[in-house]
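Visitor: Next up, final-v9.cif (mmCIF, C-alpha atoms).
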```cif
data_target
#
loop_
_atom_site.group_PDB
_atom_site.id
_atom_site.type_symbol
_atom_site.label_atom_id
_atom_site.label_comp_id
_atom_site.auth_asym_id
_atom_site.auth_seq_id
_atom_site.Cartn_x
_atom_site.Cartn_y
_atom_site.Cartn_z
ATOM 1 C CA MET A 35 84.300 124.179 134.926
ATOM 2 C CA PRO A 36 85.257 125.402 131.452
ATOM 3 C CA VAL A 37 87.955 122.763 130.745
ATOM 4 C CA ARG A 38 86.705 119.280 129.911
ATOM 5 C CA VAL A 39 87.742 116.093 128.152
ATOM 6 C CA ILE A 40 85.817 114.650 125.219
ATOM 7 C CA ASP A 41 86.111 110.886 124.809
ATOM 8 C CA VAL A 42 86.694 110.187 121.106
ATOM 9 C CA ARG A 43 88.358 106.771 120.525
ATOM 10 C CA GLU A 44 88.151 107.104 116.764
ATOM 11 C CA ARG A 45 90.568 105.330 114.426
ATOM 12 C CA VAL A 46 92.474 107.815 112.300
ATOM 13 C CA MET A 47 92.045 105.604 109.231
ATOM 14 C CA ALA A 48 88.301 105.177 109.804
ATOM 15 C CA GLN A 49 87.183 107.405 106.927
ATOM 16 C CA ASN A 50 89.699 105.957 104.469
ATOM 17 C CA ASP A 51 88.656 102.449 105.504
ATOM 18 C CA LEU A 52 84.992 103.319 105.022
ATOM 19 C CA ILE A 53 85.667 104.449 101.449
ATOM 20 C CA ALA A 54 87.853 101.366 100.886
ATOM 21 C CA THR A 55 84.951 99.168 101.974
ATOM 22 C CA GLU A 56 82.678 100.938 99.470
ATOM 23 C CA VAL A 57 85.287 100.400 96.720
ATOM 24 C CA ARG A 58 85.563 96.714 97.644
ATOM 25 C CA GLN A 59 81.787 96.268 97.570
ATOM 26 C CA ARG A 60 81.581 98.019 94.210
ATOM 27 C CA LEU A 61 84.242 95.777 92.690
ATOM 28 C CA GLU A 62 82.789 92.611 94.212
ATOM 29 C CA ALA A 63 79.300 93.456 92.933
ATOM 30 C CA ALA A 64 80.755 93.815 89.440
ATOM 31 C CA GLY A 65 82.778 90.599 89.784
ATOM 32 C CA VAL A 66 86.045 92.438 89.226
ATOM 33 C CA PRO A 67 89.114 91.498 91.291
ATOM 34 C CA SER A 68 91.752 94.148 91.984
ATOM 35 C CA LEU A 69 95.420 93.722 92.748
ATOM 36 C CA ASN A 70 97.458 96.399 94.502
ATOM 37 C CA LEU A 71 101.099 96.287 93.384
ATOM 38 C CA MET A 72 103.597 97.755 95.825
ATOM 39 C CA SER A 73 107.382 97.896 96.005
ATOM 40 C CA SER A 74 110.298 100.209 96.492
ATOM 41 C CA PRO A 75 110.967 102.524 93.524
ATOM 42 C CA GLY A 76 112.601 100.684 90.642
ATOM 43 C CA ALA A 77 111.654 97.115 91.593
ATOM 44 C CA GLY A 78 109.861 96.636 88.292
ATOM 45 C CA LYS A 79 106.141 97.246 88.845
ATOM 46 C CA THR A 80 105.660 99.137 85.595
ATOM 47 C CA LEU A 81 107.694 96.697 83.503
ATOM 48 C CA LEU A 82 105.758 93.760 84.956
ATOM 49 C CA LEU A 83 102.478 95.480 84.100
ATOM 50 C CA GLU A 84 103.700 96.400 80.605
ATOM 51 C CA ARG A 85 104.524 92.776 79.930
ATOM 52 C CA THR A 86 101.294 91.552 81.571
ATOM 53 C CA LEU A 87 99.136 93.920 79.528
ATOM 54 C CA ALA A 88 100.965 93.015 76.318
ATOM 55 C CA ASP A 89 100.448 89.289 76.967
ATOM 56 C CA LEU A 90 96.931 89.292 78.459
ATOM 57 C CA ALA A 91 95.153 92.406 77.219
ATOM 58 C CA PRO A 92 93.901 90.692 74.060
ATOM 59 C CA ARG A 93 91.987 88.164 76.193
ATOM 60 C CA LEU A 94 91.373 89.958 79.501
ATOM 61 C CA ARG A 95 89.730 93.369 79.853
ATOM 62 C CA ILE A 96 92.163 95.062 82.254
ATOM 63 C CA ALA A 97 91.855 98.569 83.700
ATOM 64 C CA THR A 98 94.845 100.109 85.426
ATOM 65 C CA VAL A 99 95.220 102.857 88.017
ATOM 66 C CA VAL A 100 98.770 104.163 88.304
ATOM 67 C CA GLY A 101 99.968 106.313 91.179
ATOM 68 C CA ASP A 102 103.067 108.447 90.992
ATOM 69 C CA VAL A 103 104.331 111.360 93.047
ATOM 70 C CA GLN A 104 104.949 113.372 89.877
ATOM 71 C CA THR A 105 104.523 112.790 86.115
ATOM 72 C CA GLN A 106 102.264 110.351 84.345
ATOM 73 C CA ASN A 107 105.219 108.651 82.630
ATOM 74 C CA ASP A 108 104.294 105.184 83.932
ATOM 75 C CA ALA A 109 100.686 105.551 82.801
ATOM 76 C CA ASP A 110 101.930 106.615 79.356
ATOM 77 C CA ARG A 111 104.188 103.538 79.202
ATOM 78 C CA LEU A 112 101.312 101.221 80.116
ATOM 79 C CA SER A 113 98.808 102.782 77.745
ATOM 80 C CA ARG A 114 101.006 101.707 74.808
ATOM 81 C CA HIS A 115 100.151 98.085 75.630
ATOM 82 C CA THR A 116 96.384 98.274 76.032
ATOM 83 C CA SER A 117 93.391 99.968 74.508
ATOM 84 C CA ARG A 118 91.714 99.951 77.926
ATOM 85 C CA LEU A 119 91.725 102.808 80.399
ATOM 86 C CA VAL A 120 94.964 103.583 82.222
ATOM 87 C CA GLN A 121 94.208 106.141 84.914
ATOM 88 C CA ALA A 122 97.114 108.256 86.165
ATOM 89 C CA VAL A 123 96.875 109.523 89.744
ATOM 90 C CA VAL A 124 99.528 112.135 90.454
ATOM 91 C CA THR A 125 99.705 112.385 94.223
ATOM 92 C CA GLY A 126 101.553 115.713 94.233
ATOM 93 C CA GLY A 127 104.009 114.684 96.916
ATOM 94 C CA ALA A 128 102.049 112.077 98.859
ATOM 95 C CA CYS A 129 103.916 108.786 99.176
ATOM 96 C CA HIS A 130 100.942 106.449 98.730
ATOM 97 C CA LEU A 131 97.523 106.123 97.146
ATOM 98 C CA ASP A 132 94.413 106.326 99.310
ATOM 99 C CA ALA A 133 90.915 104.899 98.949
ATOM 100 C CA ARG A 134 89.358 108.202 97.880
ATOM 101 C CA GLN A 135 91.740 108.390 94.895
ATOM 102 C CA ILE A 136 90.900 104.826 93.872
ATOM 103 C CA SER A 137 87.177 105.494 94.214
ATOM 104 C CA ALA A 138 87.489 108.583 91.982
ATOM 105 C CA ALA A 139 89.631 106.719 89.444
ATOM 106 C CA LEU A 140 87.095 103.885 89.239
ATOM 107 C CA ASP A 141 84.334 106.375 88.400
ATOM 108 C CA ALA A 142 85.861 106.530 84.920
ATOM 109 C CA VAL A 143 86.021 102.718 84.534
ATOM 110 C CA ASP A 144 83.118 100.743 83.074
ATOM 111 C CA LEU A 145 83.261 97.853 85.548
ATOM 112 C CA ASP A 146 80.652 95.895 83.579
ATOM 113 C CA ASP A 147 83.158 95.813 80.744
ATOM 114 C CA THR A 148 86.191 94.982 82.923
ATOM 115 C CA ASP A 149 87.673 91.663 84.091
ATOM 116 C CA LEU A 150 90.501 92.877 86.297
ATOM 117 C CA VAL A 151 91.827 96.087 87.872
ATOM 118 C CA PHE A 152 95.498 96.677 88.575
ATOM 119 C CA ILE A 153 96.533 99.370 91.012
ATOM 120 C CA GLU A 154 100.172 100.376 90.707
ATOM 121 C CA ASN A 155 100.896 102.114 93.989
ATOM 122 C CA VAL A 156 103.558 104.758 94.547
ATOM 123 C CA GLY A 157 107.029 103.246 94.860
ATOM 124 C CA ASN A 158 107.518 103.051 98.620
ATOM 125 C CA LEU A 159 107.823 100.113 101.020
ATOM 126 C CA VAL A 160 106.472 101.948 104.070
ATOM 127 C CA CYS A 161 103.505 104.243 103.545
ATOM 128 C CA PRO A 162 101.277 102.233 101.153
ATOM 129 C CA ALA A 163 101.176 99.433 103.750
ATOM 130 C CA SER A 164 99.022 101.610 106.025
ATOM 131 C CA TRP A 165 96.267 102.414 103.532
ATOM 132 C CA ASP A 166 93.454 100.090 102.525
ATOM 133 C CA LEU A 167 92.362 100.818 98.959
ATOM 134 C CA GLY A 168 89.545 98.289 98.668
ATOM 135 C CA GLN A 169 91.757 95.865 96.754
ATOM 136 C CA THR A 170 91.229 92.110 96.581
ATOM 137 C CA SER A 171 94.873 91.269 97.242
ATOM 138 C CA ASP A 172 98.218 92.919 97.799
ATOM 139 C CA VAL A 173 101.250 92.043 95.710
ATOM 140 C CA VAL A 174 104.716 93.111 96.801
ATOM 141 C CA LEU A 175 107.615 93.154 94.350
ATOM 142 C CA PHE A 176 111.144 92.684 95.584
ATOM 143 C CA ALA A 177 114.030 92.898 93.092
ATOM 144 C CA VAL A 178 117.212 90.866 93.325
ATOM 145 C CA THR A 179 119.088 94.159 93.000
ATOM 146 C CA GLU A 180 117.839 95.010 96.510
ATOM 147 C CA GLY A 181 119.131 93.531 99.770
ATOM 148 C CA GLU A 182 117.935 90.073 100.812
ATOM 149 C CA ASP A 183 116.756 91.471 104.142
ATOM 150 C CA LYS A 184 114.128 93.861 102.751
ATOM 151 C CA PRO A 185 111.324 91.751 104.294
ATOM 152 C CA LEU A 186 112.938 92.154 107.724
ATOM 153 C CA LYS A 187 113.391 95.890 107.269
ATOM 154 C CA TYR A 188 109.839 96.513 106.040
ATOM 155 C CA PRO A 189 107.799 93.754 107.723
ATOM 156 C CA LYS A 190 104.422 95.487 107.596
ATOM 157 C CA MET A 191 104.456 95.558 103.794
ATOM 158 C CA PHE A 192 105.420 91.891 103.513
ATOM 159 C CA LYS A 193 103.035 90.780 106.278
ATOM 160 C CA ARG A 194 99.969 92.197 104.535
ATOM 161 C CA SER A 195 100.873 90.923 101.059
ATOM 162 C CA ARG A 196 99.445 87.718 99.677
ATOM 163 C CA TYR A 197 102.011 87.428 96.897
ATOM 164 C CA ALA A 198 105.691 88.313 96.709
ATOM 165 C CA LEU A 199 107.247 88.544 93.274
ATOM 166 C CA ILE A 200 111.022 88.378 93.383
ATOM 167 C CA THR A 201 111.780 90.300 90.212
ATOM 168 C CA LYS A 202 114.714 90.675 87.797
ATOM 169 C CA VAL A 203 115.847 87.079 88.457
ATOM 170 C CA ASP A 204 117.590 87.079 85.064
ATOM 171 C CA LEU A 205 120.231 89.220 86.789
ATOM 172 C CA LEU A 206 121.001 86.606 89.473
ATOM 173 C CA PRO A 207 124.140 85.242 87.727
ATOM 174 C CA HIS A 208 125.661 88.713 87.890
ATOM 175 C CA LEU A 209 124.861 89.454 91.541
ATOM 176 C CA ASP A 210 125.754 88.179 95.004
ATOM 177 C CA PHE A 211 122.066 88.082 95.942
ATOM 178 C CA GLU A 212 121.338 84.928 98.008
ATOM 179 C CA LEU A 213 117.915 83.793 96.862
ATOM 180 C CA ASP A 214 117.410 81.165 99.586
ATOM 181 C CA ARG A 215 118.189 83.696 102.282
ATOM 182 C CA ALA A 216 115.726 86.194 100.794
ATOM 183 C CA ILE A 217 112.960 83.587 100.586
ATOM 184 C CA GLY A 218 113.736 82.522 104.159
ATOM 185 C CA TYR A 219 113.287 86.117 105.357
ATOM 186 C CA LEU A 220 110.013 86.373 103.426
ATOM 187 C CA ARG A 221 108.715 83.240 105.130
ATOM 188 C CA ASP A 222 109.934 84.437 108.555
ATOM 189 C CA VAL A 223 107.805 87.571 108.183
ATOM 190 C CA ASN A 224 104.832 85.957 106.444
ATOM 191 C CA PRO A 225 104.736 82.128 106.409
ATOM 192 C CA ASN A 226 101.704 82.138 104.092
ATOM 193 C CA ILE A 227 103.051 84.442 101.404
ATOM 194 C CA GLU A 228 103.117 82.940 97.915
ATOM 195 C CA VAL A 229 106.516 83.523 96.330
ATOM 196 C CA LEU A 230 107.112 83.770 92.579
ATOM 197 C CA LEU A 231 110.459 84.202 90.849
ATOM 198 C CA THR A 232 110.001 86.420 87.829
ATOM 199 C CA SER A 233 111.746 88.310 85.091
ATOM 200 C CA ALA A 234 109.561 90.607 83.037
ATOM 201 C CA ARG A 235 112.464 90.953 80.593
ATOM 202 C CA THR A 236 112.848 87.229 79.788
ATOM 203 C CA GLY A 237 109.338 86.113 80.736
ATOM 204 C CA GLN A 238 110.588 83.697 83.412
ATOM 205 C CA GLY A 239 107.904 82.911 85.988
ATOM 206 C CA LEU A 240 105.209 84.914 84.266
ATOM 207 C CA ASP A 241 103.060 81.871 83.469
ATOM 208 C CA ALA A 242 102.592 81.330 87.206
ATOM 209 C CA TRP A 243 101.754 85.034 87.608
ATOM 210 C CA TYR A 244 99.186 84.826 84.816
ATOM 211 C CA ASP A 245 97.672 81.683 86.382
ATOM 212 C CA ILE A 246 97.127 83.684 89.583
ATOM 213 C CA LEU A 247 95.450 86.502 87.652
ATOM 214 C CA HIS A 248 93.177 84.112 85.751
ATOM 215 C CA GLU A 249 92.246 82.378 89.006
ATOM 216 C CA HIS A 250 91.289 85.736 90.577
ATOM 217 C CA VAL A 251 89.139 86.607 87.572
ATOM 218 C CA ARG A 252 87.491 83.183 87.529
ATOM 219 C CA ARG A 253 86.756 83.260 91.260
ATOM 220 C CA ALA A 254 85.368 86.810 91.265
ATOM 221 C CA SER A 255 83.023 86.214 88.325
ATOM 222 C CA HIS A 256 81.934 82.908 89.876
ATOM 223 C CA VAL A 257 80.936 84.684 93.102
ATOM 224 C CA VAL A 258 78.790 87.152 91.142
ATOM 225 C CA ALA A 259 77.182 84.374 89.087
ATOM 226 C CA GLU A 260 76.278 82.484 92.259
ATOM 227 C CA SER A 261 74.698 85.545 93.887
ATOM 228 C CA THR A 262 72.468 86.416 90.915
ATOM 229 C CA MET B 297 106.265 110.380 104.657
ATOM 230 C CA HIS B 298 102.520 109.957 105.074
ATOM 231 C CA GLU B 299 102.461 111.614 108.488
ATOM 232 C CA MET B 300 101.099 114.878 107.049
ATOM 233 C CA GLY B 301 98.105 113.009 105.632
ATOM 234 C CA VAL B 302 97.584 111.333 108.990
ATOM 235 C CA ALA B 303 97.936 114.676 110.794
ATOM 236 C CA LEU B 304 95.339 116.278 108.522
ATOM 237 C CA GLU B 305 92.938 113.441 109.257
ATOM 238 C CA ILE B 306 93.536 113.834 113.010
ATOM 239 C CA CYS B 307 92.706 117.538 112.721
ATOM 240 C CA ARG B 308 89.548 116.744 110.739
ATOM 241 C CA ILE B 309 88.416 114.322 113.458
ATOM 242 C CA ALA B 310 89.235 116.868 116.179
ATOM 243 C CA GLU B 311 87.349 119.673 114.437
ATOM 244 C CA GLN B 312 84.316 117.455 113.923
ATOM 245 C CA HIS B 313 84.159 116.383 117.581
ATOM 246 C CA VAL B 314 84.805 119.857 118.947
ATOM 247 C CA GLY B 315 81.934 121.150 116.826
ATOM 248 C CA SER B 316 79.505 118.395 117.749
ATOM 249 C CA ALA B 317 80.342 118.766 121.467
ATOM 250 C CA GLY B 318 79.569 122.470 121.296
ATOM 251 C CA ALA B 319 83.025 123.276 122.637
ATOM 252 C CA ARG B 320 84.776 126.524 121.842
ATOM 253 C CA PHE B 321 88.538 125.920 122.075
ATOM 254 C CA LEU B 322 90.614 122.806 121.578
ATOM 255 C CA THR B 323 93.495 122.742 124.063
ATOM 256 C CA GLY B 324 94.822 119.202 123.667
ATOM 257 C CA ILE B 325 94.660 116.054 121.552
ATOM 258 C CA GLY B 326 95.291 112.607 123.043
ATOM 259 C CA LEU B 327 96.508 110.036 120.525
ATOM 260 C CA VAL B 328 97.336 106.348 120.715
ATOM 261 C CA VAL B 329 100.079 105.312 118.289
ATOM 262 C CA GLY B 330 101.058 101.651 118.086
ATOM 263 C CA ASP B 331 104.698 100.733 117.593
ATOM 264 C CA ASP B 332 103.668 98.809 114.464
ATOM 265 C CA ALA B 333 101.457 101.593 113.069
ATOM 266 C CA GLY B 334 104.039 102.707 110.521
ATOM 267 C CA ILE B 335 104.202 106.176 112.027
ATOM 268 C CA GLU B 336 107.374 108.122 112.731
ATOM 269 C CA ARG B 337 106.416 109.807 115.979
ATOM 270 C CA SER B 338 108.618 112.900 115.694
ATOM 271 C CA SER B 339 107.446 113.442 112.132
ATOM 272 C CA LEU B 340 103.796 113.201 113.182
ATOM 273 C CA GLU B 341 104.435 115.627 116.043
ATOM 274 C CA PHE B 342 106.094 118.077 113.664
ATOM 275 C CA CYS B 343 103.161 117.917 111.224
ATOM 276 C CA LEU B 344 100.586 118.297 114.004
ATOM 277 C CA GLU B 345 102.401 121.206 115.617
ATOM 278 C CA THR B 346 102.402 122.970 112.256
ATOM 279 C CA LEU B 347 98.688 122.357 111.700
ATOM 280 C CA LEU B 348 97.672 123.104 115.275
ATOM 281 C CA ALA B 349 99.357 126.495 115.135
ATOM 282 C CA GLN B 350 96.720 127.553 112.599
ATOM 283 C CA PRO B 351 93.115 128.584 113.260
ATOM 284 C CA PRO B 352 90.781 127.114 114.438
ATOM 285 C CA PHE B 353 93.162 125.182 116.716
ATOM 286 C CA ALA B 354 95.588 127.867 117.862
ATOM 287 C CA GLY B 355 98.077 126.121 120.076
ATOM 288 C CA ALA B 356 96.507 122.838 121.166
ATOM 289 C CA THR B 357 99.036 120.446 122.683
ATOM 290 C CA ILE B 358 99.636 116.831 121.626
ATOM 291 C CA HIS B 359 99.765 113.854 123.966
ATOM 292 C CA ILE B 360 100.906 110.605 122.349
ATOM 293 C CA ALA B 361 100.495 107.344 124.248
ATOM 294 C CA PRO B 362 102.503 104.429 122.820
ATOM 295 C CA GLU B 363 100.957 100.987 122.567
ATOM 296 C CA ALA B 364 101.930 97.585 121.223
ATOM 297 C CA GLY B 365 100.448 96.716 117.827
ATOM 298 C CA ASP B 366 99.228 98.868 114.956
ATOM 299 C CA ALA B 367 96.675 101.080 116.741
ATOM 300 C CA LEU B 368 96.352 104.625 115.462
ATOM 301 C CA ARG B 369 93.483 106.565 116.963
ATOM 302 C CA VAL B 370 92.363 109.833 118.452
ATOM 303 C CA ASP B 371 91.654 108.841 122.049
ATOM 304 C CA TYR B 372 90.387 112.074 123.579
ATOM 305 C CA LEU B 373 90.256 115.827 123.174
ATOM 306 C CA GLU B 374 90.739 118.494 125.800
ATOM 307 C CA VAL B 375 88.570 121.549 125.262
ATOM 308 C CA ASP B 376 88.117 124.851 127.016
ATOM 309 C CA ASP B 377 84.675 126.374 126.852
ATOM 310 C CA ALA B 378 85.948 129.793 127.913
ATOM 311 C CA ARG B 379 88.160 131.944 125.768
ATOM 312 C CA PRO B 380 91.729 131.483 127.034
ATOM 313 C CA GLY B 381 92.915 134.474 129.021
ATOM 314 C CA HIS B 382 89.379 135.752 129.632
#
```
What would you get if you wrote out this structure as structure tokens?

Guide:
Amino acid sequence: MPVRVIDVRERVMAQNDLIATEVRQRLEAAGVPSLNLMSSPGAGKTLLLERTLADLAPRLRIATVVGDVQTQNDADRLSRHTSRLVQAVVTGGACHLDARQISAALDAVDLDDTDLVFIENVGNLVCPASWDLGQTSDVVLFAVTEGEDKPLKYPKMFKRSRYALITKVDLLPHLDFELDRAIGYLRDVNPNIEVLLTSARTGQGLDAWYDILHEHVRRASHVVAEST
Amino acid sequence: MHEMGVALEICRIAEQHVGSAGARFLTGIGLVVGDDAGIERSSLEFCLETLLAQPPFAGATIHIAPEAGDALRVDYLEVDDARPGH
């Protein structure tokens, strides 16, 4: 009988997840936490990172991997605020970063001389949620110029994120955005998500954001110290 | 629209298994796609049909089984060990 069925049962993401696991092990061995920033286009990922690098780069050794569909404009913006490596990944049309790109980008980073890695994913609330990059934690940004119900429309992104930064809160007096309703939707989708209200323009809420970053760095280096 | 990336990965998995099974022609791919997998089914079908029209696949058909949850896997392959039409 020439026609037959081959049993496969292989996860489509298996190879990406394997590389993501290698990336995670590499970062953990070096005691370097990594945060994957995701949002719709224009929610303020790059501005948040510009401000974060300007405020923390003198004390923390931060490497950044920036994904964009085209141009390295965001990487150029960020590199003005740090002397550390800012790696641009131009995806050439793809709507997300994948683990292979992160692994290749990290090849150029001296992890022994790094405290923290930021990954700025491609602006998109759907596709990046399906790809493990080997990151320590996911951070989703959600601007008050968007609808309050974004968490309900894109639940997968908000479910997998540990932190939600509601950005551009300095604009609240000029908008009809109902903050309580937005936070309620966030909690409906992910009861454990940690919510921060931030404005990278005025600096509101950034101290809490920096506390989170310092805690990640402290915890990651502590784990390495204990294992050596 | 990450369905093209997913479709390419499905084709890579199919090619690998067809080769290791010593089969000659792929005639069908059985997929399981969860309703929470973040996949637009018609978009994935479009991408796969485009890729499967090219060698070495040449016209394999796609069978998508829905499932609850976020499953996304290649479940089975249908192969023909004889050259079609011979």

Visitor: What residues in chain A lie within 12 Å of chain B, counting only C-alpha atoms, written as JSON, numbers by chain?

Guide: {"A": [35, 36, 37, 38, 39, 40, 41, 42, 43, 44, 45, 46, 47, 48, 49, 50, 103, 125, 127, 128, 129, 130, 131, 132, 156, 158, 159, 160, 161, 162, 163, 164, 165, 188, 189, 190, 191, 193]}

Visitor: Hey, which of A:Leu186, A:His256, A:Glu154, A:Leu112 ends up closest to Tyr219 of chain A? Count all atoms listed in the file.

Guide: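 Nearest to Tyr219 of chain A: A:Leu186.
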
Visitor: Step by step, work through what the PyMOL selection byres ((chain A and resi 117) around 10) selects in the shown file, and finish by giving those residues as a short mmCIF file (atom, residue, chain, number, x, y, z; two decimals) with C-alpha atoms, in the frame of the given file.

Guide:
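Result saved to out.cif:
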```
data_model
loop_
_atom_site.label_atom_id
_atom_site.label_comp_id
_atom_site.auth_asym_id
_atom_site.auth_seq_id
_atom_site.Cartn_x
_atom_site.Cartn_y
_atom_site.Cartn_z
CA LEU A 87 99.14 93.92 79.53
CA ALA A 91 95.15 92.41 77.22
CA PRO A 92 93.90 90.69 74.06
CA ARG A 95 89.73 93.37 79.85
CA ILE A 96 92.16 95.06 82.25
CA ALA A 97 91.86 98.57 83.70
CA LEU A 112 101.31 101.22 80.12
CA SER A 113 98.81 102.78 77.74
CA ARG A 114 101.01 101.71 74.81
CA HIS A 115 100.15 98.08 75.63
CA THR A 116 96.38 98.27 76.03
CA ARG A 118 91.71 99.95 77.93
CA LEU A 119 91.72 102.81 80.40
CA VAL A 120 94.96 103.58 82.22
#
```

Visitor: Exactly which residues make up the result of the PyMOL selection byres ((chain A and resi 51-66) around 12) on this file, given as JSON, numbers by chain?

Guide: {"A": [45, 46, 47, 48, 49, 50, 67, 68, 69, 94, 95, 96, 97, 131, 132, 133, 134, 135, 136, 137, 138, 139, 140, 141, 143, 144, 145, 146, 147, 148, 149, 150, 151, 152, 164, 165, 166, 167, 168, 169, 170, 171, 247, 248, 249, 250, 251, 252, 253, 254, 255, 256, 257, 258, 259, 260, 261, 262]}

Visitor: Find the distance between atom CA of Asp172 of chain A and atom CA of Gln238 of chain A and write it in Å to one decimal.

Guide: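 Taking atom CA of Asp172 of chain A as the start and atom CA of Gln238 of chain A as the end point, the length is 21.1 Å.
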
Visitor: Can you translate the PyMOL selection byres ((chain A and resi 214) around 12) into the concrete residues it hits in this file, as a ChimeraX atom specification?

Guide: /A:178,182-183,200,210-213,215-221,229,231

Visitor: Report, in Å with one decimal, the straight-line distance from atom CA of Ala361 of chain B to atom CA of Ser339 of chain B.

Guide: 15.2 Å

Visitor: Could you work out how far atom CA of Asn226 of chain A lies from atom CA of Tyr244 of chain A, giving the answer in Å with one decimal?

Guide: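 These atoms are spaced 19.6 Å apart.
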
Visitor: Choose the residue, out of A:Asn107, A:Glu228, A:Gln121, A:Gly101, that has the smallest atom-to-atom separation from Asn70 of chain A; count only C-alpha atoms.

Guide: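 Among A:Asn107, A:Glu228, A:Gln121, A:Gly101, it is A:Gly101 that comes nearest to Asn70 of chain A.
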
Visitor: From the set A:Thr201, A:Ser195, A:Gln106, A:Asn224, which residue has the shortest atom-to-atom contact distance to Glu180 of chain A, counting all atoms listed in the file?

Guide: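 Among A:Thr201, A:Ser195, A:Gln106, A:Asn224, it is A:Thr201 that comes nearest to Glu180 of chain A.
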